[in-house]
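Listing of coords.cif, mmCIF, C-alpha atoms
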```cif
data_model
loop_
_atom_site.label_atom_id
_atom_site.label_comp_id
_atom_site.auth_asym_id
_atom_site.auth_seq_id
_atom_site.Cartn_x
_atom_site.Cartn_y
_atom_site.Cartn_z
CA MET A 1 0.00 0.00 0.00
CA ASP A 2 1.18 3.50 -0.80
CA PRO A 3 3.16 4.76 2.26
CA ASP A 4 1.76 8.28 1.93
CA ALA A 5 -1.77 6.87 1.99
CA VAL A 6 -0.94 4.76 5.04
CA ALA A 7 0.49 7.78 6.85
CA LYS A 8 -2.51 9.94 5.98
CA ALA A 9 -4.94 7.27 7.15
CA PHE A 10 -3.05 6.79 10.40
CA VAL A 11 -2.92 10.51 11.12
CA GLU A 12 -6.64 10.93 10.49
CA HIS A 13 -7.45 7.98 12.73
CA TYR A 14 -5.07 9.11 15.48
CA TYR A 15 -6.40 12.64 15.83
CA ARG A 16 -10.04 11.66 15.35
CA THR A 17 -9.59 9.18 18.20
CA PHE A 18 -7.73 11.75 20.31
CA ASP A 19 -10.52 14.28 19.84
CA SER A 20 -13.51 11.95 20.35
CA ASN A 21 -12.34 8.99 22.47
CA ARG A 22 -8.96 9.71 24.00
CA ALA A 23 -8.87 6.44 25.94
CA GLY A 24 -9.08 4.61 22.61
CA LEU A 25 -5.53 5.72 21.81
CA ALA A 26 -4.21 2.96 24.11
CA ASN A 27 -4.78 0.43 21.31
CA LEU A 28 -2.25 2.22 19.13
CA TYR A 29 0.67 1.65 21.54
CA GLN A 30 2.40 -1.44 22.92
CA ASP A 31 4.64 -2.29 25.89
CA GLY A 32 7.79 -0.88 24.33
CA SER A 33 6.16 2.30 23.01
CA MET A 34 7.58 5.64 24.09
CA LEU A 35 5.94 9.05 24.29
CA THR A 36 7.71 12.35 24.94
CA PHE A 37 5.07 15.02 25.46
CA GLU A 38 6.48 18.52 25.89
CA GLY A 39 9.65 16.97 27.26
CA ALA A 40 7.93 14.54 29.66
CA LYS A 41 8.86 10.90 28.90
CA THR A 42 6.46 7.96 29.32
CA GLN A 43 6.77 4.31 28.29
CA GLY A 44 4.24 1.54 27.65
CA ALA A 45 0.66 1.67 26.37
CA GLN A 46 -0.98 1.92 29.80
CA ALA A 47 1.25 4.70 31.09
CA ILE A 48 0.95 6.56 27.80
CA ALA A 49 -2.84 6.35 27.82
CA ALA A 50 -2.83 7.59 31.42
CA LYS A 51 -0.54 10.48 30.49
CA LEU A 52 -2.80 11.51 27.60
CA ALA A 53 -5.92 11.20 29.76
CA SER A 54 -4.30 13.42 32.40
CA LEU A 55 -3.57 16.36 30.08
CA PRO A 56 -5.14 19.55 31.51
CA PHE A 57 -7.93 19.86 28.97
CA GLN A 58 -11.05 17.90 28.11
CA GLN A 59 -12.44 18.90 24.73
CA CYS A 60 -10.00 19.56 21.96
CA MET A 61 -9.78 19.55 18.20
CA HIS A 62 -6.70 18.94 16.10
CA ASN A 63 -6.43 20.59 12.67
CA ILE A 64 -3.66 19.08 10.57
CA SER A 65 -1.65 21.30 8.20
CA THR A 66 1.13 19.02 6.93
CA VAL A 67 1.92 15.29 6.94
CA ASP A 68 5.31 13.99 5.75
CA CYS A 69 6.40 10.36 5.85
CA GLN A 70 9.39 8.19 4.99
CA PRO A 71 10.16 4.47 5.37
CA SER A 72 12.40 4.05 8.42
CA GLY A 73 14.45 0.95 7.65
CA PRO A 74 14.37 -2.78 6.89
CA ALA A 75 11.89 -3.62 9.65
CA GLY A 76 9.08 -2.05 7.60
CA GLY A 77 8.61 0.94 9.87
CA MET A 78 7.57 4.43 8.85
CA VAL A 79 8.30 7.87 10.31
CA VAL A 80 5.44 10.37 10.11
CA PHE A 81 5.94 14.08 10.77
CA VAL A 82 2.86 16.20 11.42
CA SER A 83 2.25 19.88 11.98
CA GLY A 84 -1.03 21.52 12.81
CA SER A 85 -3.01 23.36 15.43
CA LEU A 86 -4.85 22.31 18.56
CA GLN A 87 -8.00 24.16 19.58
CA LEU A 88 -8.93 23.78 23.23
CA ALA A 89 -12.50 24.41 24.37
CA GLY A 90 -12.83 27.87 25.87
CA GLU A 91 -9.51 29.15 24.53
CA GLN A 92 -9.57 32.02 22.05
CA HIS A 93 -6.51 31.03 20.02
CA PRO A 94 -5.44 27.54 18.88
CA LEU A 95 -2.01 26.22 19.83
CA LYS A 96 0.40 25.27 17.06
CA PHE A 97 2.16 21.92 17.37
CA SER A 98 4.51 19.48 15.65
CA GLN A 99 4.50 15.74 16.31
CA MET A 100 6.43 12.78 15.00
CA PHE A 101 5.38 9.13 15.05
CA HIS A 102 7.46 6.05 14.31
CA LEU A 103 5.02 3.38 13.19
CA MET A 104 5.90 -0.32 13.16
CA PRO A 105 3.91 -3.02 11.38
CA THR A 106 1.87 -5.56 13.36
CA PRO A 107 1.43 -9.20 12.31
CA GLN A 108 -2.22 -8.41 11.54
CA GLY A 109 -1.20 -5.98 8.79
CA SER A 110 -1.80 -2.83 10.80
CA PHE A 111 0.62 -0.41 12.52
CA TYR A 112 1.33 0.55 16.11
CA VAL A 113 3.16 3.59 17.48
CA LEU A 114 6.65 2.70 18.73
CA ASN A 115 7.85 6.31 19.11
CA ASP A 116 5.80 9.46 19.65
CA ILE A 117 7.21 12.94 20.28
CA PHE A 118 4.98 16.02 20.66
CA ARG A 119 6.01 19.68 20.91
CA LEU A 120 4.01 22.88 20.93
CA ASN A 121 5.33 25.53 18.54
CA TYR A 122 5.35 28.79 20.44
CA ALA A 123 5.20 32.05 18.50
CA MET B 1 26.80 6.45 25.75
CA ASP B 2 23.84 8.42 27.07
CA PRO B 3 21.35 8.76 24.18
CA ASP B 4 20.41 12.32 25.15
CA ALA B 5 24.08 13.29 25.04
CA VAL B 6 24.50 11.63 21.63
CA ALA B 7 21.46 13.46 20.28
CA LYS B 8 22.64 16.79 21.66
CA ALA B 9 26.12 16.31 20.19
CA PHE B 10 24.70 15.34 16.81
CA VAL B 11 22.35 18.33 16.70
CA GLU B 12 25.12 20.76 17.59
CA HIS B 13 27.40 19.26 14.93
CA TYR B 14 24.66 19.20 12.29
CA TYR B 15 23.63 22.83 12.60
CA ARG B 16 27.17 24.12 13.10
CA THR B 17 28.12 22.36 9.86
CA PHE B 18 24.99 23.65 8.10
CA ASP B 19 25.76 27.22 9.13
CA SER B 20 29.50 27.20 8.41
CA ASN B 21 30.21 24.54 5.76
CA ARG B 22 26.96 23.37 4.21
CA ALA B 23 28.72 21.03 1.75
CA GLY B 24 30.15 19.19 4.74
CA LEU B 25 26.68 17.82 5.52
CA ALA B 26 27.10 15.25 2.74
CA ASN B 27 29.22 13.12 5.10
CA LEU B 28 26.25 12.68 7.42
CA TYR B 29 24.10 10.92 4.80
CA GLN B 30 24.44 7.68 2.84
CA GLU B 31 22.93 6.25 -0.34
CA GLY B 32 19.69 5.16 1.29
CA SER B 33 19.19 8.41 3.17
CA MET B 34 16.01 10.40 2.58
CA LEU B 35 15.32 14.10 3.02
CA THR B 36 11.91 15.77 2.82
CA PHE B 37 12.44 19.53 2.89
CA GLU B 38 9.19 21.53 2.98
CA GLY B 39 7.50 18.65 1.19
CA ALA B 40 10.20 18.14 -1.49
CA LYS B 41 11.65 14.60 -1.37
CA THR B 42 15.27 13.74 -2.14
CA GLN B 43 17.23 10.52 -1.73
CA GLY B 44 20.93 9.72 -1.43
CA ALA B 45 23.82 11.71 0.03
CA GLN B 46 24.80 13.44 -3.22
CA ALA B 47 21.30 14.53 -4.15
CA ILE B 48 20.62 15.65 -0.59
CA ALA B 49 23.81 17.71 -0.45
CA ALA B 50 22.87 19.28 -3.78
CA LYS B 51 19.38 20.09 -2.51
CA LEU B 52 20.73 21.75 0.63
CA ALA B 53 23.33 23.68 -1.38
CA SER B 54 20.58 24.93 -3.69
CA LEU B 55 18.38 26.45 -0.99
CA PRO B 56 17.69 30.11 -1.76
CA PHE B 57 19.88 31.59 0.94
CA GLN B 58 23.60 31.73 1.63
CA GLN B 59 24.31 32.77 5.17
CA CYS B 60 22.11 31.43 7.92
CA LEU B 61 22.15 30.75 11.64
CA HIS B 62 20.13 28.04 13.39
CA ASN B 63 19.12 28.62 17.02
CA ILE B 64 17.90 25.45 18.70
CA SER B 65 15.10 25.64 21.28
CA THR B 66 14.27 21.97 22.02
CA VAL B 67 15.85 18.57 21.35
CA ASP B 68 13.94 15.35 22.13
CA CYS B 69 15.20 11.85 21.39
CA GLN B 70 14.10 8.24 21.67
CA PRO B 71 15.66 4.91 20.64
CA SER B 72 13.96 3.72 17.46
CA GLY B 73 14.19 -0.06 17.64
CA PRO B 74 16.50 -3.10 17.79
CA ALA B 75 18.84 -1.84 15.04
CA GLY B 76 20.26 0.73 17.46
CA GLY B 77 18.77 3.76 15.73
CA MET B 78 17.69 6.98 17.39
CA LEU B 79 14.99 9.50 16.57
CA VAL B 80 15.81 13.14 17.23
CA PHE B 81 13.14 15.86 17.15
CA VAL B 82 14.31 19.46 17.04
CA SER B 83 12.60 22.81 17.12
CA GLY B 84 14.21 26.19 16.74
CA SER B 85 14.59 29.25 14.58
CA LEU B 86 16.52 30.01 11.43
CA GLN B 87 17.89 33.50 10.87
CA LEU B 88 18.69 34.33 7.27
CA ALA B 89 21.14 37.11 6.44
CA GLY B 90 19.30 40.30 5.57
CA GLU B 91 15.93 39.14 6.92
CA GLN B 92 14.42 41.03 9.83
CA HIS B 93 12.61 38.10 11.49
CA ALA B 94 13.82 34.57 12.12
CA LEU B 95 11.84 31.65 10.69
CA LYS B 96 10.62 29.00 13.10
CA PHE B 97 11.16 25.36 12.14
CA SER B 98 10.82 21.77 13.31
CA GLN B 99 12.98 18.93 12.07
CA MET B 100 13.25 15.22 12.75
CA PHE B 101 16.26 12.99 12.16
CA HIS B 102 16.42 9.19 12.29
CA LEU B 103 20.05 8.34 13.06
CA MET B 104 21.51 4.88 12.44
CA PRO B 105 24.82 3.61 13.83
CA THR B 106 27.84 3.15 11.58
CA PRO B 107 30.41 0.36 12.03
CA GLN B 108 32.92 3.03 13.12
CA GLY B 109 30.81 3.89 16.17
CA SER B 110 29.31 7.05 14.73
CA PHE B 111 25.84 7.81 13.29
CA PHE B 112 24.49 8.70 9.87
CA VAL B 113 21.16 10.28 8.97
CA LEU B 114 18.79 7.76 7.41
CA ASN B 115 15.66 9.94 7.57
CA ASP B 116 15.46 13.74 7.66
CA ILE B 117 12.23 15.78 7.55
CA PHE B 118 12.19 19.59 7.79
CA ARG B 119 9.19 21.91 8.09
CA LEU B 120 8.91 25.61 8.71
CA ASN B 121 6.41 26.54 11.43
CA TYR B 122 4.38 29.41 10.08
CA ALA B 123 2.68 31.76 12.55
#
```
Once more with this new file: its structure as structure tokens, please.
Amino acid sequence: MDPDAVAKAFVEHYYRTFDSNRAGLANLYQDGSMLTFEGAKTQGAQAIAAKLASLPFQQCMHNISTVDCQPSGPAGGMVVFVSGSLQLAGEQHPLKFSQMFHLMPTPQGSFYVLNDIFRLNYA
Amino acid sequence: MDPDAVAKAFVEHYYRTFDSNRAGLANLYQEGSMLTFEGAKTQGAQAIAAKLASLPFQQCLHNISTVDCQPSGPAGGMLVFVSGSLQLAGEQHALKFSQMFHLMPTPQGSFFVLNDIFRLNYA
């Protein structure tokens, strides 16, 4: 399958899940997965889901501006680099962010997130 | 060696080389390396060096704000996620950017850039 199409589908699924059912993100990570969120490091699907659930906002909406992807090596992985904005309920201005994912294939033909790094882009 | 220290050393070397001897960046890439620069894809050390040499500015200075890194899998690779600003000679305001590198070890104990994705962060 076309890598760009895979990346686009993953990104749409990830942010739609984040914005409507944040707990559902746990299925996209595994034991060895790592998240660095604004410099804070977390490892493993459960801890990552807990970290995301604990972020200091409830309703949010991600708007994606750019998605770039490249194959990451012989293991069949893919790096995905996203930029966009994050609108929090009650806030006047959206926050700009960049995020990178390293996706690895699962035996079932899907992908999980091995590496995830998120940073806000301050003006 | 501490991965954070390796990432920090790589980032300092990369941008110092970019800002003082851009052609010297060719040594950091190999044949299978990929660069996506503002959506334009290039592959291989020679083509990447040519792309970077052809960018529409001569003098520049990168100022790095954040560096995050994570190990990328059993092959010993490392993902490095950078944000900062890029000051071009003669321009009044610096451009904000984000960039990710996927570094892979070399037999000599160093690293080369397998994946490189660069995006400006527009206000």
- Message: Under the PyMOL selection byres ((chain A) within 10 of (chain B)), which residues of this model are included? Write them out as an NGL selection string.
- Response: :A and (32-41 or 66-75 or 77-84 or 96-104 or 114-123)
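Using all atoms listed in the file, every residue with an atom at most 9 Å from the point (24.2, 23.2, 0.5) is listed here: Phe18, Asn21, Arg22, Ala23, Gly24, Leu25, Ala26, Ile48, Ala49, Ala50, Lys51, Leu52, Ala53, Ser54, Leu55 and Gln58 of chain B.
Atom CA of B:Tyr15 to atom CA of B:Asn27 spans 13.5 Å [interatomic distance, one decimal].
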- If you apply the PyMOL selection byres ((chain B and resi 89) around 12) to this file, what residues do you get, as an NGL selection string? :B and (19 or 56-62 or 86-88 or 90-95)
Output C-alpha atoms of each residue in that selection to a file, as a compact mmCIF listing (two decimals), keeping the file's coordinate frame.
```
# COMPACT_ATOMS: atom_id res chain seq x y z
CA ASP B 19 25.76 27.22 9.13
CA PRO B 56 17.69 30.11 -1.76
CA PHE B 57 19.88 31.59 0.94
CA GLN B 58 23.60 31.73 1.63
CA GLN B 59 24.31 32.77 5.17
CA CYS B 60 22.11 31.43 7.92
CA LEU B 61 22.15 30.75 11.64
CA HIS B 62 20.13 28.04 13.39
CA LEU B 86 16.52 30.01 11.43
CA GLN B 87 17.89 33.50 10.87
CA LEU B 88 18.69 34.33 7.27
CA GLY B 90 19.30 40.30 5.57
CA GLU B 91 15.93 39.14 6.92
CA GLN B 92 14.42 41.03 9.83
CA HIS B 93 12.61 38.10 11.49
CA ALA B 94 13.82 34.57 12.12
CA LEU B 95 11.84 31.65 10.69
```
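Comparing the minimum interatomic distances between B:Phe112 and each of B:Glu12, B:Tyr29, B:Ser20, B:Ala7, counting all atoms listed in the file, we find that B:Tyr29 sits nearest.
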- Query: Which neighbours of A:Ser20 fall inside 10 Å, counting only C-alpha atoms, when residues of the same chain fewer than 3 positions from it are skipped, and could you give them as a PyMOL selection string?
  - Reply: chain A and resi 15-17+23-24+59-61
Write the selection just made, keeping C-alpha atoms, as a short mmCIF file (atom, residue, chain, number, x, y, z; two decimals), in the coordinates of the input?
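Output file again-v5.cif follows:
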```cif
data_model
loop_
_atom_site.label_atom_id
_atom_site.label_comp_id
_atom_site.auth_asym_id
_atom_site.auth_seq_id
_atom_site.Cartn_x
_atom_site.Cartn_y
_atom_site.Cartn_z
CA TYR A 15 -6.40 12.64 15.83
CA ARG A 16 -10.04 11.66 15.35
CA THR A 17 -9.59 9.18 18.20
CA ALA A 23 -8.87 6.44 25.94
CA GLY A 24 -9.08 4.61 22.61
CA GLN A 59 -12.44 18.90 24.73
CA CYS A 60 -10.00 19.56 21.96
CA MET A 61 -9.78 19.55 18.20
#
```
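The space between atom CA of A:Ala49 and atom CA of B:Ser65 spans 27.1 Å.
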- Task: Name all residues at most 12 Å from A:Gly109 (count only C-alpha atoms; drop same-chain ones fewer than 6 positions away) and give them as a PyMOL selection string.
- Result: chain A and resi 1+6+76
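From atom CA of A:His13 back to atom CA of B:Val113, the distance works out to 28.9 Å.
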Starting from the block above, write stretch 31-78 of chain A out to a file with N, CA and C atoms, as a PDB file, in the first residue's frame, please.
```
ATOM      1  N   ASP A  31       3.794  -2.351  24.691  1.00  0.00           N
ATOM      2  CA  ASP A  31       4.636  -2.290  25.892  1.00  0.00           C
ATOM      3  C   ASP A  31       5.886  -1.445  25.714  1.00  0.00           C
ATOM      4  N   GLY A  32       6.508  -1.565  24.550  1.00  0.00           N
ATOM      5  CA  GLY A  32       7.788  -0.880  24.330  1.00  0.00           C
ATOM      6  C   GLY A  32       7.628   0.519  23.766  1.00  0.00           C
ATOM      7  N   SER A  33       6.394   0.987  23.616  1.00  0.00           N
ATOM      8  CA  SER A  33       6.161   2.300  23.014  1.00  0.00           C
ATOM      9  C   SER A  33       6.642   3.407  23.938  1.00  0.00           C
ATOM     10  N   MET A  34       7.089   4.501  23.331  1.00  0.00           N
ATOM     11  CA  MET A  34       7.584   5.643  24.088  1.00  0.00           C
ATOM     12  C   MET A  34       6.890   6.912  23.617  1.00  0.00           C
ATOM     13  N   LEU A  35       6.517   7.737  24.592  1.00  0.00           N
ATOM     14  CA  LEU A  35       5.943   9.049  24.294  1.00  0.00           C
ATOM     15  C   LEU A  35       6.771  10.102  25.010  1.00  0.00           C
ATOM     16  N   THR A  36       7.149  11.168  24.297  1.00  0.00           N
ATOM     17  CA  THR A  36       7.713  12.353  24.943  1.00  0.00           C
ATOM     18  C   THR A  36       6.786  13.505  24.623  1.00  0.00           C
ATOM     19  N   PHE A  37       6.084  13.999  25.630  1.00  0.00           N
ATOM     20  CA  PHE A  37       5.072  15.025  25.462  1.00  0.00           C
ATOM     21  C   PHE A  37       5.562  16.294  26.136  1.00  0.00           C
ATOM     22  N   GLU A  38       5.932  17.290  25.347  1.00  0.00           N
ATOM     23  CA  GLU A  38       6.480  18.522  25.895  1.00  0.00           C
ATOM     24  C   GLU A  38       7.611  18.205  26.888  1.00  0.00           C
ATOM     25  N   GLY A  39       8.463  17.293  26.479  1.00  0.00           N
ATOM     26  CA  GLY A  39       9.649  16.971  27.264  1.00  0.00           C
ATOM     27  C   GLY A  39       9.447  15.908  28.328  1.00  0.00           C
ATOM     28  N   ALA A  40       8.203  15.560  28.641  1.00  0.00           N
ATOM     29  CA  ALA A  40       7.930  14.543  29.662  1.00  0.00           C
ATOM     30  C   ALA A  40       7.882  13.166  29.010  1.00  0.00           C
ATOM     31  N   LYS A  41       8.726  12.222  29.510  1.00  0.00           N
ATOM     32  CA  LYS A  41       8.861  10.897  28.899  1.00  0.00           C
ATOM     33  C   LYS A  41       7.988   9.867  29.607  1.00  0.00           C
ATOM     34  N   THR A  42       7.309   9.046  28.799  1.00  0.00           N
ATOM     35  CA  THR A  42       6.465   7.959  29.317  1.00  0.00           C
ATOM     36  C   THR A  42       6.697   6.725  28.455  1.00  0.00           C
ATOM     37  N   GLN A  43       6.566   5.535  29.060  1.00  0.00           N
ATOM     38  CA  GLN A  43       6.770   4.312  28.288  1.00  0.00           C
ATOM     39  C   GLN A  43       5.667   3.301  28.555  1.00  0.00           C
ATOM     40  N   GLY A  44       5.236   2.605  27.520  1.00  0.00           N
ATOM     41  CA  GLY A  44       4.245   1.544  27.651  1.00  0.00           C
ATOM     42  C   GLY A  44       2.831   2.064  27.429  1.00  0.00           C
ATOM     43  N   ALA A  45       1.998   1.227  26.794  1.00  0.00           N
ATOM     44  CA  ALA A  45       0.661   1.669  26.370  1.00  0.00           C
ATOM     45  C   ALA A  45      -0.175   2.197  27.539  1.00  0.00           C
ATOM     46  N   GLN A  46      -0.137   1.491  28.674  1.00  0.00           N
ATOM     47  CA  GLN A  46      -0.977   1.916  29.801  1.00  0.00           C
ATOM     48  C   GLN A  46      -0.549   3.282  30.338  1.00  0.00           C
ATOM     49  N   ALA A  47       0.753   3.435  30.549  1.00  0.00           N
ATOM     50  CA  ALA A  47       1.246   4.702  31.094  1.00  0.00           C
ATOM     51  C   ALA A  47       1.016   5.835  30.107  1.00  0.00           C
ATOM     52  N   ILE A  48       1.170   5.534  28.813  1.00  0.00           N
ATOM     53  CA  ILE A  48       0.953   6.565  27.801  1.00  0.00           C
ATOM     54  C   ILE A  48      -0.507   6.985  27.775  1.00  0.00           C
ATOM     55  N   ALA A  49      -1.407   6.010  27.808  1.00  0.00           N
ATOM     56  CA  ALA A  49      -2.843   6.346  27.821  1.00  0.00           C
ATOM     57  C   ALA A  49      -3.172   7.174  29.064  1.00  0.00           C
ATOM     58  N   ALA A  50      -2.581   6.829  30.195  1.00  0.00           N
ATOM     59  CA  ALA A  50      -2.830   7.589  31.423  1.00  0.00           C
ATOM     60  C   ALA A  50      -2.301   9.014  31.290  1.00  0.00           C
ATOM     61  N   LYS A  51      -1.119   9.148  30.690  1.00  0.00           N
ATOM     62  CA  LYS A  51      -0.541  10.485  30.493  1.00  0.00           C
ATOM     63  C   LYS A  51      -1.463  11.337  29.621  1.00  0.00           C
ATOM     64  N   LEU A  52      -1.943  10.756  28.511  1.00  0.00           N
ATOM     65  CA  LEU A  52      -2.799  11.514  27.604  1.00  0.00           C
ATOM     66  C   LEU A  52      -4.134  11.865  28.261  1.00  0.00           C
ATOM     67  N   ALA A  53      -4.664  10.930  29.062  1.00  0.00           N
ATOM     68  CA  ALA A  53      -5.922  11.199  29.756  1.00  0.00           C
ATOM     69  C   ALA A  53      -5.758  12.300  30.794  1.00  0.00           C
ATOM     70  N   SER A  54      -4.540  12.470  31.311  1.00  0.00           N
ATOM     71  CA  SER A  54      -4.304  13.424  32.399  1.00  0.00           C
ATOM     72  C   SER A  54      -3.979  14.824  31.902  1.00  0.00           C
ATOM     73  N   LEU A  55      -3.902  15.033  30.593  1.00  0.00           N
ATOM     74  CA  LEU A  55      -3.573  16.361  30.085  1.00  0.00           C
ATOM     75  C   LEU A  55      -4.637  17.358  30.550  1.00  0.00           C
ATOM     76  N   PRO A  56      -4.235  18.595  30.844  1.00  0.00           N
ATOM     77  CA  PRO A  56      -5.140  19.547  31.505  1.00  0.00           C
ATOM     78  C   PRO A  56      -6.161  20.180  30.576  1.00  0.00           C
ATOM     79  N   PHE A  57      -6.815  19.371  29.762  1.00  0.00           N
ATOM     80  CA  PHE A  57      -7.932  19.864  28.968  1.00  0.00           C
ATOM     81  C   PHE A  57      -8.816  18.682  28.618  1.00  0.00           C
ATOM     82  N   GLN A  58     -10.116  18.962  28.488  1.00  0.00           N
ATOM     83  CA  GLN A  58     -11.047  17.901  28.113  1.00  0.00           C
ATOM     84  C   GLN A  58     -11.282  17.908  26.610  1.00  0.00           C
ATOM     85  N   GLN A  59     -12.126  18.863  26.166  1.00  0.00           N
ATOM     86  CA  GLN A  59     -12.442  18.895  24.732  1.00  0.00           C
ATOM     87  C   GLN A  59     -11.325  19.562  23.950  1.00  0.00           C
ATOM     88  N   CYS A  60     -11.003  18.966  22.820  1.00  0.00           N
ATOM     89  CA  CYS A  60      -9.998  19.563  21.959  1.00  0.00           C
ATOM     90  C   CYS A  60     -10.262  19.146  20.522  1.00  0.00           C
ATOM     91  N   MET A  61      -9.680  19.908  19.602  1.00  0.00           N
ATOM     92  CA  MET A  61      -9.780  19.553  18.196  1.00  0.00           C
ATOM     93  C   MET A  61      -8.457  19.841  17.500  1.00  0.00           C
ATOM     94  N   HIS A  62      -7.930  18.812  16.857  1.00  0.00           N
ATOM     95  CA  HIS A  62      -6.697  18.942  16.097  1.00  0.00           C
ATOM     96  C   HIS A  62      -7.036  19.282  14.647  1.00  0.00           C
ATOM     97  N   ASN A  63      -6.351  20.292  14.104  1.00  0.00           N
ATOM     98  CA  ASN A  63      -6.428  20.589  12.672  1.00  0.00           C
ATOM     99  C   ASN A  63      -5.056  20.371  12.078  1.00  0.00           C
ATOM    100  N   ILE A  64      -4.959  19.478  11.085  1.00  0.00           N
ATOM    101  CA  ILE A  64      -3.656  19.084  10.567  1.00  0.00           C
ATOM    102  C   ILE A  64      -3.304  19.914   9.335  1.00  0.00           C
ATOM    103  N   SER A  65      -2.104  20.504   9.341  1.00  0.00           N
ATOM    104  CA  SER A  65      -1.647  21.305   8.204  1.00  0.00           C
ATOM    105  C   SER A  65      -0.777  20.501   7.247  1.00  0.00           C
ATOM    106  N   THR A  66       0.210  19.766   7.797  1.00  0.00           N
ATOM    107  CA  THR A  66       1.132  19.019   6.929  1.00  0.00           C
ATOM    108  C   THR A  66       1.362  17.623   7.486  1.00  0.00           C
ATOM    109  N   VAL A  67       1.543  16.656   6.584  1.00  0.00           N
ATOM    110  CA  VAL A  67       1.916  15.292   6.939  1.00  0.00           C
ATOM    111  C   VAL A  67       3.026  14.852   5.996  1.00  0.00           C
ATOM    112  N   ASP A  68       4.202  14.527   6.545  1.00  0.00           N
ATOM    113  CA  ASP A  68       5.307  13.989   5.747  1.00  0.00           C
ATOM    114  C   ASP A  68       5.626  12.603   6.262  1.00  0.00           C
ATOM    115  N   CYS A  69       6.017  11.684   5.373  1.00  0.00           N
ATOM    116  CA  CYS A  69       6.399  10.360   5.850  1.00  0.00           C
ATOM    117  C   CYS A  69       7.542   9.799   5.026  1.00  0.00           C
ATOM    118  N   GLN A  70       8.285   8.893   5.654  1.00  0.00           N
ATOM    119  CA  GLN A  70       9.385   8.186   4.993  1.00  0.00           C
ATOM    120  C   GLN A  70       9.480   6.788   5.588  1.00  0.00           C
ATOM    121  N   PRO A  71       9.870   5.785   4.794  1.00  0.00           N
ATOM    122  CA  PRO A  71      10.155   4.474   5.369  1.00  0.00           C
ATOM    123  C   PRO A  71      11.388   4.583   6.267  1.00  0.00           C
ATOM    124  N   SER A  72      11.372   3.846   7.397  1.00  0.00           N
ATOM    125  CA  SER A  72      12.398   4.053   8.423  1.00  0.00           C
ATOM    126  C   SER A  72      13.434   2.950   8.499  1.00  0.00           C
ATOM    127  N   GLY A  73      13.420   1.990   7.578  1.00  0.00           N
ATOM    128  CA  GLY A  73      14.447   0.955   7.649  1.00  0.00           C
ATOM    129  C   GLY A  73      13.894  -0.409   7.293  1.00  0.00           C
ATOM    130  N   PRO A  74      14.742  -1.444   7.365  1.00  0.00           N
ATOM    131  CA  PRO A  74      14.370  -2.781   6.886  1.00  0.00           C
ATOM    132  C   PRO A  74      13.234  -3.448   7.660  1.00  0.00           C
ATOM    133  N   ALA A  75      12.959  -2.976   8.869  1.00  0.00           N
ATOM    134  CA  ALA A  75      11.889  -3.618   9.649  1.00  0.00           C
ATOM    135  C   ALA A  75      10.490  -3.246   9.158  1.00  0.00           C
ATOM    136  N   GLY A  76      10.390  -2.397   8.136  1.00  0.00           N
ATOM    137  CA  GLY A  76       9.081  -2.045   7.597  1.00  0.00           C
ATOM    138  C   GLY A  76       8.412  -0.892   8.318  1.00  0.00           C
ATOM    139  N   GLY A  77       9.175  -0.174   9.138  1.00  0.00           N
ATOM    140  CA  GLY A  77       8.613   0.942   9.872  1.00  0.00           C
ATOM    141  C   GLY A  77       8.483   2.187   9.010  1.00  0.00           C
ATOM    142  N   MET A  78       7.838   3.195   9.564  1.00  0.00           N
ATOM    143  CA  MET A  78       7.574   4.432   8.851  1.00  0.00           C
ATOM    144  C   MET A  78       7.626   5.587   9.847  1.00  0.00           C
TER     145      MET A  78
END
```
